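*Asks:* My structure is in coords04.pdb, and what it holds is PDB, C-alpha atoms:
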MODEL        1
ATOM      1  CA  MET X   1      20.297  39.944  15.306  1.00  0.00           C
ATOM      2  CA  LYS X   2      22.429  37.435  13.368  1.00  0.00           C
ATOM      3  CA  LYS X   3      21.506  34.740  15.858  1.00  0.00           C
ATOM      4  CA  PHE X   4      17.806  35.558  15.496  1.00  0.00           C
ATOM      5  CA  LEU X   5      18.050  35.422  11.694  1.00  0.00           C
ATOM      6  CA  LEU X   6      19.829  32.055  11.770  1.00  0.00           C
ATOM      7  CA  LEU X   7      17.273  30.643  14.198  1.00  0.00           C
ATOM      8  CA  SER X   8      14.440  31.955  12.022  1.00  0.00           C
ATOM      9  CA  VAL X   9      15.907  30.358   8.893  1.00  0.00           C
ATOM     10  CA  ALA X  10      16.505  27.076  10.739  1.00  0.00           C
ATOM     11  CA  PHE X  11      12.931  27.143  12.039  1.00  0.00           C
ATOM     12  CA  LEU X  12      11.538  27.730   8.538  1.00  0.00           C
ATOM     13  CA  PHE X  13      13.577  24.851   7.106  1.00  0.00           C
ATOM     14  CA  GLY X  14      12.294  22.664   9.925  1.00  0.00           C
ATOM     15  CA  LEU X  15       8.703  23.591   9.117  1.00  0.00           C
ATOM     16  CA  LEU X  16       9.231  22.951   5.417  1.00  0.00           C
ATOM     17  CA  SER X  17      10.820  19.550   5.967  1.00  0.00           C
ATOM     18  CA  SER X  18       8.128  18.431   8.424  1.00  0.00           C
ATOM     19  CA  ALA X  19       5.412  19.649   6.053  1.00  0.00           C
ATOM     20  CA  SER X  20       6.935  17.713   3.171  1.00  0.00           C
ATOM     21  CA  ALA X  21       7.333  14.614   5.367  1.00  0.00           C
ATOM     22  CA  GLN X  22       3.635  14.755   6.179  1.00  0.00           C
ATOM     23  CA  SER X  23       2.695  15.200   2.534  1.00  0.00           C
ATOM     24  CA  LEU X  24       4.061  11.857   1.329  1.00  0.00           C
ATOM     25  CA  SER X  25       1.185  10.144  -0.390  1.00  0.00           C
ATOM     26  CA  PRO X  26       0.695   6.479  -1.290  1.00  0.00           C
ATOM     27  CA  LEU X  27      -1.762   7.406  -4.060  1.00  0.00           C
ATOM     28  CA  GLY X  28      -0.487   6.110  -7.372  1.00  0.00           C
ATOM     29  CA  VAL X  29       0.712   2.920  -9.070  1.00  0.00           C
ATOM     30  CA  TRP X  30       3.156   0.589  -7.314  1.00  0.00           C
ATOM     31  CA  THR X  31       4.942  -2.731  -7.762  1.00  0.00           C
ATOM     32  CA  ASN X  32       6.389  -5.156  -5.243  1.00  0.00           C
ATOM     33  CA  ALA X  33       9.890  -6.643  -5.160  1.00  0.00           C
ATOM     34  CA  GLU X  34       8.894  -9.651  -7.295  1.00  0.00           C
ATOM     35  CA  LYS X  35       7.371  -7.338  -9.927  1.00  0.00           C
ATOM     36  CA  LYS X  36       4.620  -9.878 -10.626  1.00  0.00           C
ATOM     37  CA  ALA X  37       2.000  -7.138 -10.773  1.00  0.00           C
ATOM     38  CA  THR X  38       1.285  -3.435 -10.458  1.00  0.00           C
ATOM     39  CA  PHE X  39      -1.200  -2.057  -7.970  1.00  0.00           C
ATOM     40  CA  GLU X  40      -3.067   1.228  -7.853  1.00  0.00           C
ATOM     41  CA  ILE X  41      -3.639   2.839  -4.465  1.00  0.00           C
ATOM     42  CA  TYR X  42      -6.593   5.239  -4.657  1.00  0.00           C
ATOM     43  CA  LYS X  43      -9.136   7.022  -2.490  1.00  0.00           C
ATOM     44  CA  CYS X  44     -12.377   5.166  -1.798  1.00  0.00           C
ATOM     45  CA  GLY X  45     -14.507   7.545   0.222  1.00  0.00           C
ATOM     46  CA  THR X  46     -12.440   8.791   3.164  1.00  0.00           C
ATOM     47  CA  LYS X  47     -10.160   5.745   3.121  1.00  0.00           C
ATOM     48  CA  LEU X  48      -7.612   4.199   0.764  1.00  0.00           C
ATOM     49  CA  CYS X  49      -8.048   1.072  -1.336  1.00  0.00           C
ATOM     50  CA  GLY X  50      -5.874  -0.835  -3.782  1.00  0.00           C
ATOM     51  CA  LYS X  51      -6.541  -2.831  -6.934  1.00  0.00           C
ATOM     52  CA  ILE X  52      -4.490  -4.941  -9.317  1.00  0.00           C
ATOM     53  CA  VAL X  53      -3.934  -2.993 -12.554  1.00  0.00           C
ATOM     54  CA  SER X  54      -1.540  -5.321 -14.386  1.00  0.00           C
ATOM     55  CA  LEU X  55      -0.056  -8.797 -14.090  1.00  0.00           C
ATOM     56  CA  THR X  56       3.308  -9.814 -15.538  1.00  0.00           C
ATOM     57  CA  VAL X  57       1.737 -13.189 -16.353  1.00  0.00           C
ATOM     58  CA  PRO X  58      -1.956 -12.369 -16.861  1.00  0.00           C
ATOM     59  CA  ASN X  59      -3.013 -15.843 -18.060  1.00  0.00           C
ATOM     60  CA  ASP X  60      -3.001 -19.259 -16.402  1.00  0.00           C
ATOM     61  CA  ALA X  61      -1.469 -22.425 -17.907  1.00  0.00           C
ATOM     62  CA  SER X  62      -4.517 -22.942 -20.142  1.00  0.00           C
ATOM     63  CA  GLY X  63      -4.132 -19.451 -21.620  1.00  0.00           C
ATOM     64  CA  LYS X  64      -7.199 -18.003 -19.885  1.00  0.00           C
ATOM     65  CA  PRO X  65      -7.022 -14.841 -17.746  1.00  0.00           C
ATOM     66  CA  LYS X  66      -6.118 -15.608 -14.131  1.00  0.00           C
ATOM     67  CA  VAL X  67      -9.030 -15.747 -11.721  1.00  0.00           C
ATOM     68  CA  ASP X  68      -9.372 -15.882  -7.929  1.00  0.00           C
ATOM     69  CA  THR X  69      -9.211 -19.706  -7.694  1.00  0.00           C
ATOM     70  CA  GLN X  70      -8.001 -19.786  -4.056  1.00  0.00           C
ATOM     71  CA  ASN X  71     -10.833 -17.652  -2.669  1.00  0.00           C
ATOM     72  CA  PRO X  72     -12.516 -19.312   0.339  1.00  0.00           C
ATOM     73  CA  GLU X  73     -15.914 -18.222  -1.070  1.00  0.00           C
ATOM     74  CA  PRO X  74     -16.738 -20.513  -4.016  1.00  0.00           C
ATOM     75  CA  LYS X  75     -18.869 -17.866  -5.780  1.00  0.00           C
ATOM     76  CA  LEU X  76     -15.803 -15.548  -6.004  1.00  0.00           C
ATOM     77  CA  ARG X  77     -13.427 -18.124  -7.514  1.00  0.00           C
ATOM     78  CA  THR X  78     -14.270 -17.077 -11.075  1.00  0.00           C
ATOM     79  CA  ARG X  79     -13.695 -13.330 -10.633  1.00  0.00           C
ATOM     80  CA  PRO X  80     -10.735 -11.971 -12.600  1.00  0.00           C
ATOM     81  CA  ARG X  81      -7.555 -11.049 -10.743  1.00  0.00           C
ATOM     82  CA  LEU X  82      -6.983  -8.134 -13.077  1.00  0.00           C
ATOM     83  CA  GLY X  83      -8.900  -5.180 -11.651  1.00  0.00           C
ATOM     84  CA  MET X  84      -9.499  -6.941  -8.329  1.00  0.00           C
ATOM     85  CA  VAL X  85      -9.748  -4.694  -5.261  1.00  0.00           C
ATOM     86  CA  PHE X  86      -7.471  -6.520  -2.835  1.00  0.00           C
ATOM     87  CA  MET X  87      -6.761  -3.748  -0.312  1.00  0.00           C
ATOM     88  CA  ASN X  88      -9.325  -1.640   1.538  1.00  0.00           C
ATOM     89  CA  GLY X  89     -10.149   0.320   4.659  1.00  0.00           C
ATOM     90  CA  PHE X  90      -6.865   2.185   5.185  1.00  0.00           C
ATOM     91  CA  GLU X  91      -7.137   5.300   7.355  1.00  0.00           C
ATOM     92  CA  TYR X  92      -4.401   7.843   7.960  1.00  0.00           C
ATOM     93  CA  ASP X  93      -2.812   7.203  11.349  1.00  0.00           C
ATOM     94  CA  GLU X  94       0.312   9.348  11.750  1.00  0.00           C
ATOM     95  CA  SER X  95       3.811   9.845  10.409  1.00  0.00           C
ATOM     96  CA  ASN X  96       2.931   8.866   6.826  1.00  0.00           C
ATOM     97  CA  LYS X  97       1.260   5.639   7.973  1.00  0.00           C
ATOM     98  CA  TRP X  98      -2.179   4.365   6.958  1.00  0.00           C
ATOM     99  CA  ASP X  99      -3.541   1.643   9.235  1.00  0.00           C
ATOM    100  CA  ASP X 100      -6.619  -0.480   9.976  1.00  0.00           C
ATOM    101  CA  GLY X 101      -6.703  -1.835   6.438  1.00  0.00           C
ATOM    102  CA  LYS X 102      -7.130  -5.323   5.043  1.00  0.00           C
ATOM    103  CA  ILE X 103      -5.095  -6.980   2.311  1.00  0.00           C
ATOM    104  CA  TYR X 104      -6.156 -10.073   0.395  1.00  0.00           C
ATOM    105  CA  ASP X 105      -3.595 -12.451  -1.120  1.00  0.00           C
ATOM    106  CA  PRO X 106      -5.165 -14.034  -4.229  1.00  0.00           C
ATOM    107  CA  GLU X 107      -2.369 -16.611  -4.414  1.00  0.00           C
ATOM    108  CA  THR X 108      -3.375 -18.134  -1.044  1.00  0.00           C
ATOM    109  CA  GLY X 109      -6.955 -16.892  -0.603  1.00  0.00           C
ATOM    110  CA  LYS X 110      -6.082 -15.394   2.785  1.00  0.00           C
ATOM    111  CA  THR X 111      -6.924 -11.937   4.132  1.00  0.00           C
ATOM    112  CA  TYR X 112      -4.706 -10.109   6.622  1.00  0.00           C
ATOM    113  CA  SER X 113      -4.807  -6.940   8.670  1.00  0.00           C
ATOM    114  CA  CYS X 114      -2.443  -4.465   7.060  1.00  0.00           C
ATOM    115  CA  TYR X 115      -0.784  -1.082   7.264  1.00  0.00           C
ATOM    116  CA  ILE X 116       1.115   0.914   4.685  1.00  0.00           C
ATOM    117  CA  LYS X 117       3.840   3.372   5.569  1.00  0.00           C
ATOM    118  CA  MET X 118       5.605   5.755   3.225  1.00  0.00           C
ATOM    119  CA  LEU X 119       9.384   5.495   3.575  1.00  0.00           C
ATOM    120  CA  ASN X 120      10.012   8.216   0.998  1.00  0.00           C
ATOM    121  CA  ALA X 121       8.187   9.604  -2.031  1.00  0.00           C
ATOM    122  CA  ASN X 122       8.779   6.466  -4.125  1.00  0.00           C
ATOM    123  CA  THR X 123       9.007   3.660  -1.566  1.00  0.00           C
ATOM    124  CA  MET X 124       6.549   2.281   0.957  1.00  0.00           C
ATOM    125  CA  GLU X 125       6.388  -0.564   3.432  1.00  0.00           C
ATOM    126  CA  VAL X 126       3.323  -2.819   3.203  1.00  0.00           C
ATOM    127  CA  LYS X 127       2.875  -5.113   6.193  1.00  0.00           C
ATOM    128  CA  GLY X 128       0.257  -7.824   6.476  1.00  0.00           C
ATOM    129  CA  TYR X 129      -0.306  -9.480   9.838  1.00  0.00           C
ATOM    130  CA  ILE X 130      -2.675 -11.497  11.988  1.00  0.00           C
ATOM    131  CA  GLY X 131      -3.390 -10.022  15.413  1.00  0.00           C
ATOM    132  CA  PHE X 132      -0.428  -7.792  16.233  1.00  0.00           C
ATOM    133  CA  SER X 133       1.518  -5.783  13.680  1.00  0.00           C
ATOM    134  CA  LEU X 134       4.800  -6.763  15.377  1.00  0.00           C
ATOM    135  CA  ILE X 135       4.423 -10.210  13.856  1.00  0.00           C
ATOM    136  CA  GLY X 136       3.758 -10.384  10.155  1.00  0.00           C
ATOM    137  CA  LYS X 137       5.271 -10.085   6.713  1.00  0.00           C
ATOM    138  CA  SER X 138       6.554  -6.829   5.235  1.00  0.00           C
ATOM    139  CA  GLN X 139       7.187  -5.963   1.618  1.00  0.00           C
ATOM    140  CA  THR X 140       8.745  -2.897   0.110  1.00  0.00           C
ATOM    141  CA  TRP X 141       6.808  -1.486  -2.812  1.00  0.00           C
ATOM    142  CA  THR X 142       8.245   0.930  -5.365  1.00  0.00           C
ATOM    143  CA  ARG X 143       6.288   3.632  -7.137  1.00  0.00           C
ATOM    144  CA  VAL X 144       5.780   3.032 -10.860  1.00  0.00           C
ATOM    145  CA  LYS X 145       3.922   6.334 -11.448  1.00  0.00           C
TER     146      LYS X 145
ENDMDL
END
In structure tokens, how does this file's structure come out?
*Replies:*
Amino acid sequence: MKKFLLLSVAFLFGLLSSASAQSLSPLGVWTNAEKKATFEIYKCGTKLCGKIVSLTVPNDASGKPKVDTQNPEPKLRTRPRLGMVFMNGFEYDESNKWDDGKIYDPETGKTYSCYIKMLNANTMEVKGYIGFSLIGKSQTWTRVK
């Protein structure tokens, strides 16, 4: 009976820890290691998207708000960086990972395939890549709120 009780308790703890591991959510406001900006990850339909909600240096050298000057589409080069949706299309994959997304880098004007993976409740890996996810650049983002 003691053995059964211990196994039952261990099983329940296992269920609780796996349930909490699956409930890690990237929804919220984040910053990257450089802390140049904060980003909000939010639901857009059945997928996740991300937008820029603040910039440490919001204005360019002339004192005007930063715009998307590096965009390959000339008509988008005047859109403000603040409020820009730069991540989209993320679908839940497995193990606290959202994949099949795209991330746009306004500093270079380039768009990459991307996945986000929760490492814990307040930290996530964001990896942009071309082609295969084995080759690419990862950043660790920290939850702001």
*Asks:* Between X:Glu73, X:Glu34, X:Asp60, X:Glu40, which is the closest to Gly109 of chain X once you count only C-alpha atoms?
*Replies:*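 Nearest to Gly109 of chain X: X:Glu73.
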*Asks:* Pick out the closest residue to Arg79 of chain X from this set: X:Ile135, X:Val67, X:Leu27, X:Ala33. Count all atoms listed in the file.
*Replies:*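 Of the candidates, the smallest distance to Arg79 of chain X is held by X:Val67.
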*Asks:* Report as a PyMOL selection string all protein, DNA and RNA residues lying within 7 Å of Cys49 of chain X, evaluated on all atoms listed in the file, omitting residues in the same chain fewer than 5 positions from it.
*Replies:* chain X and resi 41-44+87-90
*Asks:* Given the PyMOL selection byres ((chain X and resi 58) around 12) and the file above, list the residues it selects as a PyMOL selection string.
*Replies:* chain X and resi 36-38+52-57+59-67+80-83
*Asks:* Store the residues of this selection in a file with C-alpha atoms, as a PDB file, in the coordinates of the input.
*Replies:*
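Wrote it out as again_38.pdb, contents follow:
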ATOM      1  CA  LYS X  36       4.620  -9.878 -10.626  1.00  0.00           C
ATOM      2  CA  ALA X  37       2.000  -7.138 -10.773  1.00  0.00           C
ATOM      3  CA  THR X  38       1.285  -3.435 -10.458  1.00  0.00           C
ATOM      4  CA  ILE X  52      -4.490  -4.941  -9.317  1.00  0.00           C
ATOM      5  CA  VAL X  53      -3.934  -2.993 -12.554  1.00  0.00           C
ATOM      6  CA  SER X  54      -1.540  -5.321 -14.386  1.00  0.00           C
ATOM      7  CA  LEU X  55      -0.056  -8.797 -14.090  1.00  0.00           C
ATOM      8  CA  THR X  56       3.308  -9.814 -15.538  1.00  0.00           C
ATOM      9  CA  VAL X  57       1.737 -13.189 -16.353  1.00  0.00           C
ATOM     10  CA  ASN X  59      -3.013 -15.843 -18.060  1.00  0.00           C
ATOM     11  CA  ASP X  60      -3.001 -19.259 -16.402  1.00  0.00           C
ATOM     12  CA  ALA X  61      -1.469 -22.425 -17.907  1.00  0.00           C
ATOM     13  CA  SER X  62      -4.517 -22.942 -20.142  1.00  0.00           C
ATOM     14  CA  GLY X  63      -4.132 -19.451 -21.620  1.00  0.00           C
ATOM     15  CA  LYS X  64      -7.199 -18.003 -19.885  1.00  0.00           C
ATOM     16  CA  PRO X  65      -7.022 -14.841 -17.746  1.00  0.00           C
ATOM     17  CA  LYS X  66      -6.118 -15.608 -14.131  1.00  0.00           C
ATOM     18  CA  VAL X  67      -9.030 -15.747 -11.721  1.00  0.00           C
ATOM     19  CA  PRO X  80     -10.735 -11.971 -12.600  1.00  0.00           C
ATOM     20  CA  ARG X  81      -7.555 -11.049 -10.743  1.00  0.00           C
ATOM     21  CA  LEU X  82      -6.983  -8.134 -13.077  1.00  0.00           C
ATOM     22  CA  GLY X  83      -8.900  -5.180 -11.651  1.00  0.00           C
TER      23      GLY X  83
END
*Asks:* Please, what distance in Å, to one decimal, runs between atom CA of Trp98 of chain X and atom CA of Asp68 of chain X?
*Replies:*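 These atoms are spaced 26.1 Å apart.
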*Asks:* Once 5 Å is added on each side, what are the centre and the three edge lengths, in Å to one decimal, of the axis-aligned box enclosing the listed atoms of segment 115-134 of chain X? Present them as AutoDock Vina command-line options.
*Replies:*
--center_x 3.3 --center_y -0.9 --center_z 6.1 --size_x 23.4 --size_y 31.1 --size_z 30.4
*Asks:* So, counting all atoms listed in the file, which residue among X:Thr140, X:Asp93, X:Tyr112, X:Gly131 is closest to Lys35 of chain X?
*Replies:*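 Smallest separation from Lys35 of chain X among the options: X:Thr140.
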*Asks:* Interatomic distance between atom CA of Arg77 of chain X and atom CA of Thr31 of chain X?
*Replies:*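 It comes out at 24.0 Å.
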*Asks:* When you get a chance, write out N, CA and C atoms for segment 25-61 of chain X, as a JSON list (two decimals), in the coordinates of the input.
*Replies:*
[["chain", "number", "residue", "atom", "x", "y", "z"],
["X", 25, "SER", "N", 2.47, 10.77, -0.09],
["X", 25, "SER", "CA", 1.18, 10.14, -0.39],
["X", 25, "SER", "C", 1.39, 8.79, -1.06],
["X", 26, "PRO", "N", 0.62, 7.78, -0.62],
["X", 26, "PRO", "CA", 0.70, 6.48, -1.29],
["X", 26, "PRO", "C", -0.17, 6.39, -2.55],
["X", 27, "LEU", "N", -0.91, 7.45, -2.87],
["X", 27, "LEU", "CA", -1.76, 7.41, -4.06],
["X", 27, "LEU", "C", -0.89, 7.26, -5.31],
["X", 28, "GLY", "N", -1.25, 6.33, -6.15],
["X", 28, "GLY", "CA", -0.49, 6.11, -7.37],
["X", 28, "GLY", "C", -0.39, 4.64, -7.70],
["X", 29, "VAL", "N", 0.53, 4.30, -8.61],
["X", 29, "VAL", "CA", 0.71, 2.92, -9.07],
["X", 29, "VAL", "C", 2.05, 2.40, -8.55],
["X", 30, "TRP", "N", 2.02, 1.19, -8.01],
["X", 30, "TRP", "CA", 3.16, 0.59, -7.31],
["X", 30, "TRP", "C", 3.42, -0.83, -7.81],
["X", 31, "THR", "N", 4.63, -1.32, -7.54],
["X", 31, "THR", "CA", 4.94, -2.73, -7.76],
["X", 31, "THR", "C", 5.70, -3.25, -6.55],
["X", 32, "ASN", "N", 5.65, -4.56, -6.36],
["X", 32, "ASN", "CA", 6.39, -5.16, -5.24],
["X", 32, "ASN", "C", 7.75, -5.64, -5.73],
["X", 33, "ALA", "N", 8.52, -6.23, -4.83],
["X", 33, "ALA", "CA", 9.89, -6.64, -5.16],
["X", 33, "ALA", "C", 9.92, -7.70, -6.27],
["X", 34, "GLU", "N", 8.92, -8.59, -6.28],
["X", 34, "GLU", "CA", 8.89, -9.65, -7.30],
["X", 34, "GLU", "C", 8.47, -9.13, -8.67],
["X", 35, "LYS", "N", 7.85, -7.96, -8.69],
["X", 35, "LYS", "CA", 7.37, -7.34, -9.93],
["X", 35, "LYS", "C", 6.42, -8.24, -10.71],
["X", 36, "LYS", "N", 5.60, -9.01, -9.98],
["X", 36, "LYS", "CA", 4.62, -9.88, -10.63],
["X", 36, "LYS", "C", 3.39, -9.11, -11.07],
["X", 37, "ALA", "N", 3.21, -7.91, -10.48],
["X", 37, "ALA", "CA", 2.00, -7.14, -10.77],
["X", 37, "ALA", "C", 2.24, -5.67, -10.45],
["X", 38, "THR", "N", 1.31, -4.82, -10.92],
["X", 38, "THR", "CA", 1.28, -3.44, -10.46],
["X", 38, "THR", "C", -0.06, -3.21, -9.79],
["X", 39, "PHE", "N", -0.04, -2.30, -8.81],
["X", 39, "PHE", "CA", -1.20, -2.06, -7.97],
["X", 39, "PHE", "C", -1.46, -0.56, -7.91],
["X", 40, "GLU", "N", -2.71, -0.18, -7.99],
["X", 40, "GLU", "CA", -3.07, 1.23, -7.85],
["X", 40, "GLU", "C", -3.67, 1.46, -6.47],
["X", 41, "ILE", "N", -3.08, 2.40, -5.74],
["X", 41, "ILE", "CA", -3.64, 2.84, -4.46],
["X", 41, "ILE", "C", -4.44, 4.10, -4.76],
["X", 42, "TYR", "N", -5.70, 4.13, -4.34],
["X", 42, "TYR", "CA", -6.59, 5.24, -4.66],
["X", 42, "TYR", "C", -7.53, 5.50, -3.48],
["X", 43, "LYS", "N", -8.16, 6.68, -3.52],
["X", 43, "LYS", "CA", -9.14, 7.02, -2.49],
["X", 43, "LYS", "C", -10.44, 6.30, -2.77],
["X", 44, "CYS", "N", -11.03, 5.75, -1.71],
["X", 44, "CYS", "CA", -12.38, 5.17, -1.80],
["X", 44, "CYS", "C", -13.14, 5.73, -0.60],
["X", 45, "GLY", "N", -13.86, 6.80, -0.86],
["X", 45, "GLY", "CA", -14.51, 7.54, 0.22],
["X", 45, "GLY", "C", -13.45, 8.30, 1.01],
["X", 46, "THR", "N", -13.43, 8.12, 2.31],
["X", 46, "THR", "CA", -12.44, 8.79, 3.16],
["X", 46, "THR", "C", -11.24, 7.90, 3.44],
["X", 47, "LYS", "N", -11.23, 6.72, 2.86],
["X", 47, "LYS", "CA", -10.16, 5.74, 3.12],
["X", 47, "LYS", "C", -9.38, 5.48, 1.84],
["X", 48, "LEU", "N", -8.38, 4.60, 1.93],
["X", 48, "LEU", "CA", -7.61, 4.20, 0.76],
["X", 48, "LEU", "C", -7.89, 2.74, 0.44],
["X", 49, "CYS", "N", -7.87, 2.43, -0.85],
["X", 49, "CYS", "CA", -8.05, 1.07, -1.34],
["X", 49, "CYS", "C", -6.96, 0.79, -2.37],
["X", 50, "GLY", "N", -6.84, -0.46, -2.77],
["X", 50, "GLY", "CA", -5.87, -0.84, -3.78],
["X", 50, "GLY", "C", -6.44, -1.91, -4.70],
["X", 51, "LYS", "N", -6.10, -1.82, -5.98],
["X", 51, "LYS", "CA", -6.54, -2.83, -6.93],
["X", 51, "LYS", "C", -5.38, -3.24, -7.83],
["X", 52, "ILE", "N", -5.51, -4.42, -8.40],
["X", 52, "ILE", "CA", -4.49, -4.94, -9.32],
["X", 52, "ILE", "C", -4.75, -4.33, -10.69],
["X", 53, "VAL", "N", -3.74, -3.63, -11.24],
["X", 53, "VAL", "CA", -3.93, -2.99, -12.55],
["X", 53, "VAL", "C", -3.18, -3.69, -13.69],
["X", 54, "SER", "N", -2.18, -4.52, -13.34],
["X", 54, "SER", "CA", -1.54, -5.32, -14.39],
["X", 54, "SER", "C", -0.86, -6.52, -13.74],
["X", 55, "LEU", "N", -0.74, -7.58, -14.52],
["X", 55, "LEU", "CA", -0.06, -8.80, -14.09],
["X", 55, "LEU", "C", 1.04, -9.11, -15.11],
["X", 56, "THR", "N", 2.22, -9.46, -14.63],
["X", 56, "THR", "CA", 3.31, -9.81, -15.54],
["X", 56, "THR", "C", 2.91, -11.04, -16.35],
["X", 57, "VAL", "N", 2.26, -12.00, -15.68],
["X", 57, "VAL", "CA", 1.74, -13.19, -16.35],
["X", 57, "VAL", "C", 0.22, -13.17, -16.14],
["X", 58, "PRO", "N", -0.52, -12.56, -17.07],
["X", 58, "PRO", "CA", -1.96, -12.37, -16.86],
["X", 58, "PRO", "C", -2.80, -13.63, -17.07],
["X", 59, "ASN", "N", -2.24, -14.64, -17.75],
["X", 59, "ASN", "CA", -3.01, -15.84, -18.06],
["X", 59, "ASN", "C", -2.49, -17.06, -17.30],
["X", 60, "ASP", "N", -3.40, -18.02, -17.06],
["X", 60, "ASP", "CA", -3.00, -19.26, -16.40],
["X", 60, "ASP", "C", -2.40, -20.21, -17.44],
["X", 61, "ALA", "N", -2.11, -21.45, -17.02],
["X", 61, "ALA", "CA", -1.47, -22.42, -17.91],
["X", 61, "ALA", "C", -2.32, -22.76, -19.13]]
